[in-house]
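The structure file coords26.txt is reproduced below (compact mmCIF, C-alpha atoms).
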# COMPACT_ATOMS: atom_id res chain seq x y z
CA MET A 1 48.64 -2.21 -37.81
CA LYS A 2 46.20 0.58 -36.94
CA ILE A 3 46.94 2.56 -33.80
CA GLY A 4 43.77 1.33 -32.07
CA SER A 5 44.73 -2.31 -32.67
CA ALA A 6 48.29 -1.61 -31.55
CA MET A 7 46.95 -0.13 -28.31
CA LYS A 8 44.51 -2.99 -27.69
CA LYS A 9 47.25 -5.55 -28.30
CA HIS A 10 49.40 -4.13 -25.50
CA GLU A 11 46.73 -2.65 -23.24
CA GLU A 12 46.41 -5.42 -20.69
CA GLN A 13 50.16 -5.64 -20.23
CA VAL A 14 50.63 -1.86 -19.94
CA MET A 15 47.74 -1.54 -17.49
CA ARG A 16 49.53 -3.97 -15.18
CA LEU A 17 52.57 -1.67 -14.74
CA PRO A 18 52.80 0.24 -11.45
CA ASN A 19 51.00 3.64 -11.34
CA VAL A 20 49.35 3.07 -14.74
CA THR A 21 45.67 3.93 -14.58
CA GLY A 22 44.71 4.23 -18.22
CA THR A 23 45.55 4.16 -21.93
CA GLY A 24 44.13 6.04 -24.88
CA ILE A 25 44.72 7.50 -28.33
CA GLY A 26 45.97 11.07 -28.30
CA LYS A 27 47.99 13.49 -30.36
CA LYS A 28 51.48 14.89 -29.89
CA ALA A 29 53.07 17.35 -32.30
CA GLY A 30 50.34 16.52 -34.81
CA LYS A 31 50.98 12.78 -34.71
CA ASP A 32 48.73 10.06 -33.31
CA VAL A 33 50.27 8.62 -30.16
CA ILE A 34 49.35 5.96 -27.62
CA LYS A 35 48.79 7.78 -24.35
CA VAL A 36 49.51 6.07 -21.07
CA PHE A 37 47.91 7.71 -18.04
CA VAL A 38 49.69 7.37 -14.71
CA THR A 39 48.80 8.46 -11.20
CA GLN A 40 52.33 9.72 -10.72
CA LYS A 41 55.17 10.26 -13.19
CA LEU A 42 58.51 8.88 -12.02
CA PRO A 43 61.98 9.17 -13.56
CA GLU A 44 63.20 5.96 -15.18
CA SER A 45 65.91 5.77 -12.53
CA ALA A 46 63.22 5.15 -9.93
CA LEU A 47 61.77 2.21 -11.85
CA GLN A 48 62.82 -1.37 -12.49
CA PRO A 49 63.64 -2.00 -16.17
CA ASP A 50 60.46 -4.06 -16.61
CA GLU A 51 58.34 -1.28 -15.08
CA ILE A 52 59.29 1.32 -17.71
CA ILE A 53 56.64 2.10 -20.32
CA PRO A 54 58.03 1.28 -23.79
CA LYS A 55 58.87 4.33 -25.95
CA THR A 56 56.98 2.80 -28.87
CA LEU A 57 54.33 0.11 -29.31
CA GLU A 58 54.11 -1.49 -32.76
CA GLY A 59 55.92 1.54 -34.15
CA TYR A 60 53.59 4.11 -32.53
CA GLN A 61 55.10 6.58 -30.07
CA THR A 62 53.83 6.46 -26.49
CA ASP A 63 53.15 9.56 -24.40
CA VAL A 64 53.03 9.22 -20.62
CA GLU A 65 50.69 11.72 -18.96
CA GLU A 66 50.23 12.23 -15.23
CA ILE A 67 46.46 12.15 -14.74
CA GLY A 68 46.43 11.70 -10.95
CA VAL A 69 43.78 9.61 -9.21
CA VAL A 70 40.58 9.21 -11.22
CA THR A 71 37.36 8.98 -9.24
CA ALA A 72 33.63 8.96 -9.96
CA GLN A 73 32.31 12.50 -9.51
CA ALA A 74 29.25 12.35 -7.32
CA LEU A 75 29.83 14.18 -4.05
CA MET B 76 67.57 26.90 -15.72
CA ASN B 77 67.58 23.21 -16.47
CA SER B 78 63.91 22.40 -16.27
CA LYS B 79 64.31 18.72 -17.14
CA GLN B 80 66.57 18.25 -14.19
CA ASP B 81 64.11 20.09 -11.99
CA GLU B 82 61.31 17.80 -13.09
CA GLY B 83 63.35 14.78 -12.03
CA LYS B 84 63.93 16.38 -8.68
CA MET B 85 60.22 16.80 -8.10
CA ALA B 86 59.72 13.05 -7.95
CA LEU B 87 60.29 10.77 -5.03
CA SER B 88 62.33 7.66 -5.86
CA VAL B 89 61.04 4.30 -4.71
CA LYS B 90 63.87 4.03 -2.19
CA ALA B 91 63.22 7.52 -0.82
CA ARG B 92 59.54 6.68 -0.67
CA ASP B 93 60.42 3.82 1.68
CA GLU B 94 62.26 6.21 3.99
CA THR B 95 59.52 8.84 4.04
CA TYR B 96 56.90 6.15 4.58
CA LYS B 97 58.72 4.87 7.66
CA ALA B 98 59.35 8.36 9.01
CA HIS B 99 55.74 9.35 8.40
CA SER B 100 54.29 6.25 10.06
CA ALA B 101 56.56 6.77 13.06
CA CYS B 102 55.48 10.32 13.87
CA VAL B 103 52.18 11.18 12.17
CA GLU B 104 49.84 10.33 15.03
CA GLU B 105 51.85 12.10 17.69
CA PHE B 106 52.49 15.10 15.45
CA LEU B 107 48.85 15.71 14.58
CA GLU B 108 47.62 15.00 18.10
CA LYS B 109 48.70 18.34 19.55
CA PRO B 110 47.01 21.15 17.64
CA MET B 111 49.35 23.67 15.96
CA ALA B 112 48.25 26.88 14.33
CA ASN B 113 47.28 26.38 10.66
CA VAL B 114 48.48 22.76 10.50
CA VAL B 115 46.00 20.43 8.79
CA GLY B 116 48.10 17.40 7.91
CA LEU B 117 51.38 15.60 7.40
CA ALA B 118 52.50 14.05 4.14
CA GLU B 119 55.50 12.57 2.34
CA GLY B 120 57.25 14.44 -0.41
CA ILE B 121 60.22 16.42 -1.64
CA LYS B 122 62.19 19.18 0.08
CA TRP B 123 62.08 22.49 -1.83
CA LYS B 124 64.69 25.20 -1.32
CA ASN B 125 64.46 28.72 -2.73
CA GLY B 126 61.57 27.75 -4.94
CA LYS B 127 63.36 24.75 -6.45
CA PRO B 128 62.90 21.04 -5.82
CA THR B 129 65.96 19.33 -4.31
CA GLY B 130 64.95 15.72 -4.96
CA GLU B 131 65.58 14.97 -1.28
CA PRO B 132 62.88 13.16 0.66
CA ALA B 133 61.04 15.18 3.30
CA LEU B 134 58.00 15.10 5.50
CA LEU B 135 55.59 17.81 4.38
CA VAL B 136 53.67 19.66 7.03
CA LEU B 137 50.42 20.73 5.40
CA VAL B 138 49.17 24.13 6.48
CA THR B 139 46.18 26.21 5.50
CA ASN B 140 48.49 29.13 4.75
CA LYS B 141 52.16 29.90 5.19
CA LEU B 142 53.27 32.61 7.62
CA GLU B 143 56.59 34.35 8.29
CA LYS B 144 58.48 33.01 11.28
CA ALA B 145 57.96 36.26 13.16
CA GLN B 146 54.18 35.85 12.94
CA VAL B 147 54.18 32.39 14.50
CA GLY B 148 54.45 31.68 18.22
CA SER B 149 57.40 29.46 19.21
CA ARG B 150 55.18 26.46 20.00
CA ASP B 151 53.57 26.72 16.58
CA LEU B 152 56.83 26.72 14.62
CA VAL B 153 57.19 23.65 12.41
CA PRO B 154 60.28 21.70 13.57
CA VAL B 155 63.19 21.44 11.10
CA LYS B 156 63.19 17.67 11.57
CA LEU B 157 60.63 15.07 12.60
CA GLY B 158 62.50 12.02 13.83
CA GLU B 159 65.44 11.78 11.43
CA MET B 160 63.64 13.26 8.42
CA GLN B 161 63.81 16.90 7.33
CA THR B 162 60.53 18.78 6.97
CA ASP B 163 59.05 21.21 4.51
CA VAL B 164 55.89 23.28 4.75
CA LEU B 165 53.21 23.12 2.06
CA ALA B 166 50.21 25.45 1.93
CA VAL B 167 47.07 23.54 0.86
CA GLY B 168 44.21 25.80 1.88
CA TYR B 169 41.21 24.17 3.51
CA PRO B 170 40.73 20.55 2.42
CA PHE B 171 37.24 19.21 1.79
CA ALA B 172 35.75 15.79 1.13
CA GLY B 173 34.83 14.52 -2.32
CA GLY B 174 35.98 17.55 -4.25
CA GLU B 175 32.81 19.33 -3.22
CA ALA B 176 32.16 22.92 -2.08
CA GLU B 177 34.64 25.81 -2.04
CA SER B 178 34.74 26.31 -5.77
CA SER B 179 36.57 29.57 -6.33
CA SER B 180 33.35 31.35 -7.21
CA GLY B 181 31.21 29.51 -4.67
CA ALA B 182 28.27 30.12 -6.99
CA GLY B 183 27.67 26.54 -8.13
CA ILE B 184 25.83 25.42 -5.06
CA GLN B 185 23.78 28.58 -4.92
CA THR B 186 22.46 28.24 -8.43
CA LEU B 187 22.33 24.70 -9.80
CA GLY B 188 21.80 23.05 -6.41
CA LYS B 189 18.37 24.53 -5.95
CA ARG B 190 14.95 23.03 -6.59
CA VAL B 191 13.56 23.95 -10.00
CA ARG B 192 10.51 22.84 -12.02
CA PRO B 193 10.64 22.06 -14.81
CA ALA B 194 14.16 20.76 -14.10
CA GLN B 195 16.75 20.96 -16.85
CA GLY B 196 20.25 19.82 -17.76
CA GLY B 197 22.95 21.10 -15.40
CA TYR B 198 20.90 21.02 -12.19
CA SER B 199 21.45 18.89 -9.08
CA VAL B 200 19.78 15.47 -8.96
CA GLY B 201 20.24 12.22 -7.06
CA HIS B 202 18.81 8.88 -5.97
CA LYS B 203 17.36 9.22 -2.46
CA ASN B 204 20.34 7.37 -0.93
CA ILE B 205 23.19 9.25 -2.62
CA THR B 206 24.64 12.77 -2.27
CA ALA B 207 24.18 14.68 -5.51
CA GLY B 208 25.08 14.61 -9.19
CA THR B 209 23.92 16.45 -12.30
CA ILE B 210 21.06 16.08 -14.81
CA ALA B 211 22.56 15.55 -18.30
CA THR B 212 19.34 16.46 -20.09
CA CYS B 213 15.99 14.77 -20.69
CA VAL B 214 15.48 11.91 -23.16
CA TYR B 215 12.89 9.46 -24.56
CA ASP B 216 12.90 5.86 -25.82
CA ILE B 217 14.09 5.28 -29.40
CA LEU B 218 10.95 5.59 -31.54
CA PRO B 219 9.45 3.02 -33.94
CA GLY B 220 11.71 2.53 -36.96
CA GLY B 221 14.77 3.65 -35.04
CA SER B 222 17.75 1.44 -34.25
CA VAL B 223 21.16 1.48 -32.66
CA SER B 224 23.12 -0.45 -35.28
CA PRO B 225 23.19 1.23 -37.68
CA PRO B 226 22.08 4.29 -35.70
CA VAL B 227 18.79 5.53 -37.10
CA HIS B 228 16.19 7.85 -35.62
CA GLY B 229 12.61 6.59 -35.51
CA VAL B 230 9.44 8.63 -35.84
CA GLY B 231 6.42 8.67 -33.60
CA ILE B 232 5.03 9.42 -30.19
CA PRO B 233 7.21 8.88 -27.10
CA SER B 234 5.24 7.22 -24.31
CA LYS B 235 7.64 8.20 -21.52
CA TYR B 236 10.13 10.95 -20.72
CA TYR B 237 13.23 10.53 -18.63
CA ILE B 238 16.04 12.30 -16.81
CA LEU B 239 19.44 11.07 -18.03
CA SER B 240 22.41 10.89 -15.67
CA ASN B 241 24.90 8.35 -14.30
CA ASN B 242 24.20 4.97 -12.72
CA HIS B 243 26.08 6.20 -9.62
CA VAL B 244 23.80 9.24 -9.46
CA LEU B 245 20.34 7.81 -10.27
CA ALA B 246 20.85 4.13 -9.35
CA ASN B 247 23.30 4.38 -6.43
CA SER B 248 26.02 2.35 -8.23
CA ASN B 249 23.80 -0.74 -8.92
CA ALA B 250 22.33 -0.68 -5.38
CA ALA B 251 18.96 0.82 -6.35
CA SER B 252 15.80 -0.86 -7.65
CA PRO B 253 13.54 0.29 -10.47
CA GLY B 254 10.85 2.53 -9.00
CA ASP B 255 13.17 4.11 -6.40
CA ALA B 256 12.72 7.84 -5.83
CA VAL B 257 14.99 10.31 -7.63
CA LEU B 258 15.16 13.74 -6.02
CA GLN B 259 15.76 17.19 -7.49
CA PRO B 260 17.79 18.69 -5.95
CA GLY B 261 19.84 15.69 -4.75
CA PRO B 262 19.86 14.86 -1.01
CA PHE B 263 23.16 16.74 -0.42
CA ASP B 264 21.51 19.91 -1.72
CA GLY B 265 18.53 19.50 0.59
CA GLY B 266 16.24 17.33 -1.54
CA THR B 267 13.88 15.14 0.50
CA ASP B 268 11.47 12.35 -0.37
CA PRO B 269 8.65 12.69 -1.27
CA ALA B 270 8.60 16.53 -1.37
CA ASP B 271 11.35 16.82 -4.00
CA ARG B 272 10.73 13.60 -5.89
CA ILE B 273 10.95 14.42 -9.62
CA ALA B 274 11.25 10.96 -11.14
CA THR B 275 11.56 7.24 -10.40
CA LEU B 276 14.41 5.01 -11.54
CA THR B 277 13.54 3.16 -14.75
CA ARG B 278 16.69 1.35 -15.85
CA TYR B 279 20.45 1.46 -15.60
CA ILE B 280 23.44 -0.27 -17.15
CA PRO B 281 25.11 -2.23 -14.31
CA ILE B 282 28.76 -1.41 -13.56
CA THR B 283 31.13 -4.33 -12.99
CA PHE B 284 33.34 -3.56 -9.99
CA ASN B 285 36.55 -4.92 -8.50
CA PRO B 286 35.97 -6.51 -6.06
CA PRO B 287 34.65 -9.00 -6.99
CA THR B 288 35.53 -8.96 -10.72
CA PRO B 289 39.24 -8.58 -11.63
CA LEU B 290 39.88 -5.41 -13.65
CA ALA B 291 41.27 -7.35 -16.61
CA SER B 292 37.93 -9.20 -16.95
CA GLN B 293 35.77 -6.05 -16.94
CA ASN B 294 34.15 -4.49 -19.99
CA ASN B 295 32.42 -1.38 -18.68
CA LEU B 296 31.54 1.17 -21.36
CA VAL B 297 29.07 3.45 -19.60
CA ASP B 298 27.96 4.71 -16.20
CA CYS B 299 24.42 5.72 -17.09
CA ALA B 300 20.78 5.46 -16.02
CA ILE B 301 17.38 6.99 -16.70
CA ALA B 302 14.52 7.91 -14.37
CA GLU B 303 10.98 8.56 -15.59
CA GLY B 304 9.29 11.82 -14.72
CA GLN B 305 6.27 13.80 -15.83
CA PHE B 306 6.61 15.72 -19.07
CA HIS B 307 5.73 19.04 -17.47
CA ASP B 308 8.57 18.63 -14.89
CA LEU B 309 11.28 17.88 -17.47
CA ASN B 310 12.91 20.43 -19.74
CA ARG B 311 15.57 19.14 -22.09
CA LEU B 312 17.34 22.47 -22.38
CA VAL B 313 20.77 22.54 -20.74
CA TYR B 314 21.31 25.53 -18.47
CA TRP B 315 23.66 28.06 -20.17
CA ASN B 316 23.90 25.90 -23.29
CA GLY B 317 20.36 25.68 -24.55
CA HIS B 318 18.93 23.18 -27.00
CA VAL B 319 20.87 20.02 -27.86
CA ARG B 320 20.85 19.94 -31.69
CA GLY B 321 21.95 16.36 -32.19
CA TRP B 322 24.48 13.76 -31.16
CA ARG B 323 27.75 12.60 -32.69
CA ARG B 324 28.88 9.09 -33.63
CA LYS B 325 31.96 8.03 -31.72
CA ALA B 326 34.03 7.65 -34.88
CA ASN B 327 33.66 11.41 -35.33
CA VAL B 328 34.68 12.40 -31.80
CA THR B 329 38.32 13.41 -32.20
CA VAL B 330 41.32 14.50 -30.18
CA GLY B 331 41.64 18.28 -30.02
CA MET B 332 37.89 19.00 -30.18
CA LEU B 333 36.62 21.69 -27.84
CA VAL B 334 33.76 20.71 -25.57
CA LYS B 335 31.62 22.27 -22.82
CA LYS B 336 29.30 21.21 -20.04
CA SER B 337 27.04 22.67 -17.36
CA GLY B 338 27.16 20.91 -13.99
CA ARG B 339 25.93 21.27 -10.45
CA THR B 340 29.34 22.04 -8.93
CA THR B 341 31.59 23.81 -11.43
CA ASN B 342 28.79 25.47 -13.43
CA PHE B 343 29.63 26.18 -17.07
CA THR B 344 33.10 25.00 -18.15
CA THR B 345 34.92 24.23 -21.39
CA GLY B 346 37.76 21.85 -22.19
CA ARG B 347 39.63 20.09 -24.96
CA ILE B 348 39.61 16.38 -25.77
CA THR B 349 43.07 14.98 -25.04
CA ALA B 350 42.44 11.27 -25.65
CA ILE B 351 39.82 8.93 -27.08
CA ASN B 352 39.35 5.17 -26.95
CA ALA B 353 40.75 5.40 -23.44
CA THR B 354 40.76 2.57 -20.93
CA ILE B 355 40.67 4.03 -17.43
CA ASP B 356 40.46 2.64 -13.89
CA VAL B 357 38.02 4.71 -11.85
CA GLY B 358 37.68 4.74 -8.06
CA TYR B 359 34.12 4.70 -6.68
CA GLY B 360 35.03 4.99 -3.01
CA GLY B 361 35.14 2.23 -0.43
CA GLY B 362 37.91 0.48 -2.39
CA ASN B 363 35.67 -0.22 -5.38
CA VAL B 364 37.36 0.24 -8.75
CA ALA B 365 35.89 -0.17 -12.21
CA ARG B 366 37.77 -0.33 -15.51
CA PHE B 367 36.05 1.57 -18.34
CA LYS B 368 36.85 1.20 -22.05
CA ASP B 369 36.20 3.51 -25.01
CA GLN B 370 36.23 6.67 -22.88
CA ILE B 371 36.81 10.33 -23.74
CA VAL B 372 39.48 12.20 -21.74
CA THR B 373 39.53 16.01 -21.65
CA THR B 374 41.44 18.73 -19.86
CA ASN B 375 40.21 19.54 -16.37
CA MET B 376 36.62 20.84 -16.46
CA SER B 377 34.75 19.16 -13.59
CA ALA B 378 34.63 18.25 -9.89
CA GLY B 379 32.62 16.11 -7.48
CA GLY B 380 28.91 16.71 -8.05
CA ASP B 381 29.24 17.26 -11.80
CA SER B 382 28.72 13.55 -12.49
CA GLY B 383 26.02 13.12 -15.10
CA SER B 384 26.69 16.35 -16.99
CA LEU B 385 26.16 16.22 -20.74
CA VAL B 386 29.36 16.93 -22.70
CA LEU B 387 28.59 19.01 -25.80
CA THR B 388 30.54 20.42 -28.71
CA LEU B 389 30.63 24.22 -28.77
CA ASP B 390 27.72 24.10 -31.26
CA ASN B 391 25.52 21.90 -29.03
CA VAL B 392 26.07 18.39 -30.34
CA ALA B 393 26.10 15.75 -27.57
CA VAL B 394 29.34 13.77 -27.55
CA GLY B 395 29.66 12.39 -24.02
CA LEU B 396 28.32 11.77 -20.54
CA LEU B 397 30.62 13.01 -17.76
CA PHE B 398 31.11 10.53 -14.90
CA ALA B 399 34.63 10.80 -13.47
CA GLY B 400 37.67 12.99 -13.19
CA SER B 401 40.97 13.75 -11.54
CA SER B 402 42.76 16.95 -10.64
CA THR B 403 43.95 17.24 -14.25
CA SER B 404 41.30 15.57 -16.39
CA MET B 405 37.64 14.83 -16.97
CA ILE B 406 36.40 11.40 -18.15
CA ALA B 407 33.22 10.88 -20.19
CA ASN B 408 31.40 7.95 -21.79
CA GLN B 409 30.91 8.12 -25.55
CA PHE B 410 27.35 9.37 -26.10
CA GLU B 411 26.80 6.76 -28.83
CA ASN B 412 27.42 4.00 -26.26
CA VAL B 413 24.95 5.62 -23.84
CA ARG B 414 22.30 5.79 -26.60
CA SER B 415 22.88 2.20 -27.74
CA LEU B 416 22.86 0.64 -24.30
CA LEU B 417 19.98 2.61 -22.77
CA ARG B 418 18.15 2.83 -26.14
CA VAL B 419 17.23 6.47 -25.67
CA GLU B 420 17.20 9.55 -27.89
CA VAL B 421 18.68 12.87 -26.82
CA ALA B 422 17.92 14.71 -30.06
CA GLU B 423 16.57 14.01 -33.52
CA GLN B 424 19.70 14.20 -35.67
CA ILE B 425 23.15 12.66 -35.96
CA LEU B 426 25.53 15.58 -36.47

Now, as a test, write the supplied structure out as structure tokens.
Amino acid sequence: MKIGSAMKKHEEQVMRLPNVTGTGIGKKAGKDVIKVFVTQKLPESALQPDEIIPKTLEGYQTDVEEIGVVTAQAL
Amino acid sequence: MNSKQDEGKMALSVKARDETYKAHSACVEEFLEKPMANVVGLAEGIKWKNGKPTGEPALLVLVTNKLEKAQVGSRDLVPVKLGEMQTDVLAVGYPFAGGEAESSSGAGIQTLGKRVRPAQGGYSVGHKNITAGTIATCVYDILPGGSVSPPVHGVGIPSKYYILSNNHVLANSNAASPGDAVLQPGPFDGGTDPADRIATLTRYIPITFNPPTPLASQNNLVDCAIAEGQFHDLNRLVYWNGHVRGWRRKANVTVGMLVKKSGRTTNFTTGRITAINATIDVGYGGGNVARFKDQIVTTNMSAGGDSGSLVLTLDNVAVGLLFAGSSTSMIANQFENVRSLLRVEVAEQIL
């Protein structure tokens, strides 16, 4: 499965997790990864097991990035 | 130093969050009621000791700047505890609304917020009922023989010329009507109607918001609009970047690419693409959120007022239209989606 299809397959479910505000295709150490953007990064110990973002999706590594709160940028 | 451990200690656990929330709610009003020197707010967070996070919950007293104890009068000393919760002091400078003003240089508002004719990319613009955003550049309708799928440039004589920017800049987030006045500079920068009218709204791609539409049912791709002006008032150069040579198909916009933009608030900035094909929930104020798909994410290169800026490669190929951001990142629509949906040309080549 291509990385874009892998992301789309899981996107709706991932976007429902707490603090998750986005997904995307990025790179880490030269490899394509599925990025998951969160408003706030929390240690796994602070999360319920079903709130933890999976380490891989369809074999592709995930990369959780704290993006903060995204807003439209008029004044 | 064990940095991984430190990172864990910078976060507030869900349980601790409960405690700080209760402590904060119990004392915030009373605490902020009596003015104390330099204090601008009260927040929840982590206690730091000797420059290291402890992981312990604390109430954070936000101050414009931190002072030594000896410099502060006894009534202005921050108490060690508020209720049962320990405190910490965090210097935040002077907060401002909407991420506007007080850029470190302060030059943005002086330069790109002024009235200019012909107007060009990078300058302040806005619908008469908004604050201010940025002109991407100027565009025209796809010419005879041109198409969006496959993307082909037509040849011929444009009948109209437009300013390109965001829906939330030129069309007041779906609230405007075609024919409404667009001002340069935008109202926040002193633009008034009719004296500073440069164009009138022609068309926009509506944004689907939650409420009323659930995020999972939304398919927003772009936040874009065009407003028709007179040819002699519109210059398609982008301030500090010059002539846009062409535009890039989205399949060729890749992670790691360097990009640049000129905008009304943060002037000329550069960044690096960190993600593509991104799905992102964006706040529009007033509790309105819209989910956008197929977006470009870059490192931080924008702030409030830069909405509408054209995102270019370092060699002046249009790749995106800036519309949102956070403290760490900038979010842009794919330029190909903007072209296809508005059916406008920004330049005469696909590069």

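The two atoms in question, atom CA of Leu387 of chain B and atom CA of Gly208 of chain B, are spaced 17.5 Å apart.
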
Any idea what's packed within 9 Å of Glu66 of chain A, counting all atoms listed in the file, ignoring anything in its chain fewer than 2 positions away? Could you give it as a PyMOL selection string?
(chain A and resi 36-41+64+68) or (chain B and resi 403)

Using only C-alpha atoms, find each residue in chain A having at least one atom no more than 6 Å away from chain B; report its shortest atom-to-atom pair and that distance in Å (one decimal), rows by chain then rising number, as a Markdown table.
| residue | atom | partner | partner_atom | distance |
| --- | --- | --- | --- | --- |
| A:Thr21 | CA | B:Asp356 | CA | 5.4 |
| A:Gly22 | CA | B:Ile355 | CA | 4.1 |
| A:Thr23 | CA | B:Thr354 | CA | 5.1 |
| A:Gly24 | CA | B:Ala353 | CA | 3.7 |
| A:Ile25 | CA | B:Ala350 | CA | 5.2 |
| A:Gly26 | CA | B:Ala350 | CA | 4.4 |
| A:Leu42 | CA | B:Ala86 | CA | 6.0 |
| A:Pro43 | CA | B:Gly83 | CA | 6.0 |
| A:Ala46 | CA | B:Ser88 | CA | 4.9 |
| A:Ile67 | CA | B:Thr403 | CA | 5.7 |
| A:Gly68 | CA | B:Ser401 | CA | 5.9 |
| A:Val69 | CA | B:Ser401 | CA | 5.5 |
| A:Val70 | CA | B:Ser401 | CA | 4.6 |
| A:Thr71 | CA | B:Gly358 | CA | 4.4 |
| A:Ala72 | CA | B:Ala399 | CA | 4.1 |
| A:Gln73 | CA | B:Gly379 | CA | 4.2 |
| A:Ala74 | CA | B:Gly380 | CA | 4.4 |
| A:Leu75 | CA | B:Gly380 | CA | 4.8 |

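Our summary of the geometry notes that atom CA of Ser292 of chain B is positioned 24.6 Å from atom CA of Glu65 of chain A.
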
Could you list, as a list of chain:residue names, every residue within 10 Å of Gly229 of chain B, counting only C-alpha atoms and ignoring same-chain residues fewer than 5 positions away?
B:Asp216, B:Ile217, B:Leu218, B:Pro219, B:Gly220, B:Gly221, B:Ser222, B:Glu420, B:Glu423

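Atom pair atom CA of Lys144 of chain B / atom CA of Cys102 of chain B has a distance of 23.0 Å (rounded to one decimal).
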
Show me the residues close to (57.8, -0.9, -18.2) - anything with an atom within 12 Å, counting all atoms listed in the file - and format the list as an mmCIF file with C-alpha atoms, in the frame of the given file.
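As a result, point14.cif now contains:
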data_model
loop_
_atom_site.group_PDB
_atom_site.id
_atom_site.type_symbol
_atom_site.label_atom_id
_atom_site.label_comp_id
_atom_site.auth_asym_id
_atom_site.auth_seq_id
_atom_site.Cartn_x
_atom_site.Cartn_y
_atom_site.Cartn_z
ATOM 1 C CA HIS A 10 49.400 -4.130 -25.500
ATOM 2 C CA GLN A 13 50.160 -5.640 -20.230
ATOM 3 C CA VAL A 14 50.630 -1.860 -19.940
ATOM 4 C CA MET A 15 47.740 -1.540 -17.490
ATOM 5 C CA ARG A 16 49.530 -3.970 -15.180
ATOM 6 C CA LEU A 17 52.570 -1.670 -14.740
ATOM 7 C CA PRO A 18 52.800 0.240 -11.450
ATOM 8 C CA ASN A 19 51.000 3.640 -11.340
ATOM 9 C CA VAL A 20 49.350 3.070 -14.740
ATOM 10 C CA VAL A 36 49.510 6.070 -21.070
ATOM 11 C CA LEU A 42 58.510 8.880 -12.020
ATOM 12 C CA PRO A 43 61.980 9.170 -13.560
ATOM 13 C CA GLU A 44 63.200 5.960 -15.180
ATOM 14 C CA SER A 45 65.910 5.770 -12.530
ATOM 15 C CA ALA A 46 63.220 5.150 -9.930
ATOM 16 C CA LEU A 47 61.770 2.210 -11.850
ATOM 17 C CA GLN A 48 62.820 -1.370 -12.490
ATOM 18 C CA PRO A 49 63.640 -2.000 -16.170
ATOM 19 C CA ASP A 50 60.460 -4.060 -16.610
ATOM 20 C CA GLU A 51 58.340 -1.280 -15.080
ATOM 21 C CA ILE A 52 59.290 1.320 -17.710
ATOM 22 C CA ILE A 53 56.640 2.100 -20.320
ATOM 23 C CA PRO A 54 58.030 1.280 -23.790
ATOM 24 C CA LYS A 55 58.870 4.330 -25.950
ATOM 25 C CA THR A 56 56.980 2.800 -28.870
ATOM 26 C CA LEU A 57 54.330 0.110 -29.310
ATOM 27 C CA THR A 62 53.830 6.460 -26.490
ATOM 28 C CA VAL A 64 53.030 9.220 -20.620
#

Please provide as a PyMOL selection string all residues within 9 Å of segment 279-283 of chain B, with the sequence filter that same-chain residues fewer than 4 positions apart are discarded (counting only C-alpha atoms).
chain B and resi 241-243+245-246+248-249+253+287-288+290+293-302+364-366+416-417

For the residues in that selection, give me C-alpha atoms as a compact mmCIF listing (two decimals), in the frame of the given file.
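Everything below was put into selection_31.txt:
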# COMPACT_ATOMS: atom_id res chain seq x y z
CA ASN B 241 24.90 8.35 -14.30
CA ASN B 242 24.20 4.97 -12.72
CA HIS B 243 26.08 6.20 -9.62
CA LEU B 245 20.34 7.81 -10.27
CA ALA B 246 20.85 4.13 -9.35
CA SER B 248 26.02 2.35 -8.23
CA ASN B 249 23.80 -0.74 -8.92
CA PRO B 253 13.54 0.29 -10.47
CA PRO B 287 34.65 -9.00 -6.99
CA THR B 288 35.53 -8.96 -10.72
CA LEU B 290 39.88 -5.41 -13.65
CA GLN B 293 35.77 -6.05 -16.94
CA ASN B 294 34.15 -4.49 -19.99
CA ASN B 295 32.42 -1.38 -18.68
CA LEU B 296 31.54 1.17 -21.36
CA VAL B 297 29.07 3.45 -19.60
CA ASP B 298 27.96 4.71 -16.20
CA CYS B 299 24.42 5.72 -17.09
CA ALA B 300 20.78 5.46 -16.02
CA ILE B 301 17.38 6.99 -16.70
CA ALA B 302 14.52 7.91 -14.37
CA VAL B 364 37.36 0.24 -8.75
CA ALA B 365 35.89 -0.17 -12.21
CA ARG B 366 37.77 -0.33 -15.51
CA LEU B 416 22.86 0.64 -24.30
CA LEU B 417 19.98 2.61 -22.77

Could you pull the residues within 7 Å of Lys122 of chain B, counting all atoms listed in the file, minus those fewer than 2 positions along the same chain, as an mmCIF file with C-alpha atoms, in the coordinates of the input?
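In the end it all went to result_27.cif:
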data_model
loop_
_atom_site.group_PDB
_atom_site.id
_atom_site.type_symbol
_atom_site.label_atom_id
_atom_site.label_comp_id
_atom_site.auth_asym_id
_atom_site.auth_seq_id
_atom_site.Cartn_x
_atom_site.Cartn_y
_atom_site.Cartn_z
ATOM 1 C CA GLY B 120 57.250 14.440 -0.410
ATOM 2 C CA LYS B 124 64.690 25.200 -1.320
ATOM 3 C CA PRO B 128 62.900 21.040 -5.820
ATOM 4 C CA THR B 129 65.960 19.330 -4.310
ATOM 5 C CA GLY B 130 64.950 15.720 -4.960
ATOM 6 C CA GLU B 131 65.580 14.970 -1.280
ATOM 7 C CA PRO B 132 62.880 13.160 0.660
ATOM 8 C CA ALA B 133 61.040 15.180 3.300
ATOM 9 C CA ASP B 163 59.050 21.210 4.510
#

Spatial neighbours of Arg190 of chain B, 12 Å, all atoms listed in the file, chain gap at least 4 places, as a list in words
Ile184, Gln185, Thr186, Ala194, Gln195, Tyr198, Ser199, Val200, Leu258, Gln259, Pro260, Gly261, Pro262, Asp264, Gly265, Gly266, Thr267, Ala270, Asp271, Arg272, Ile273, Asp308 and Arg339 of chain B
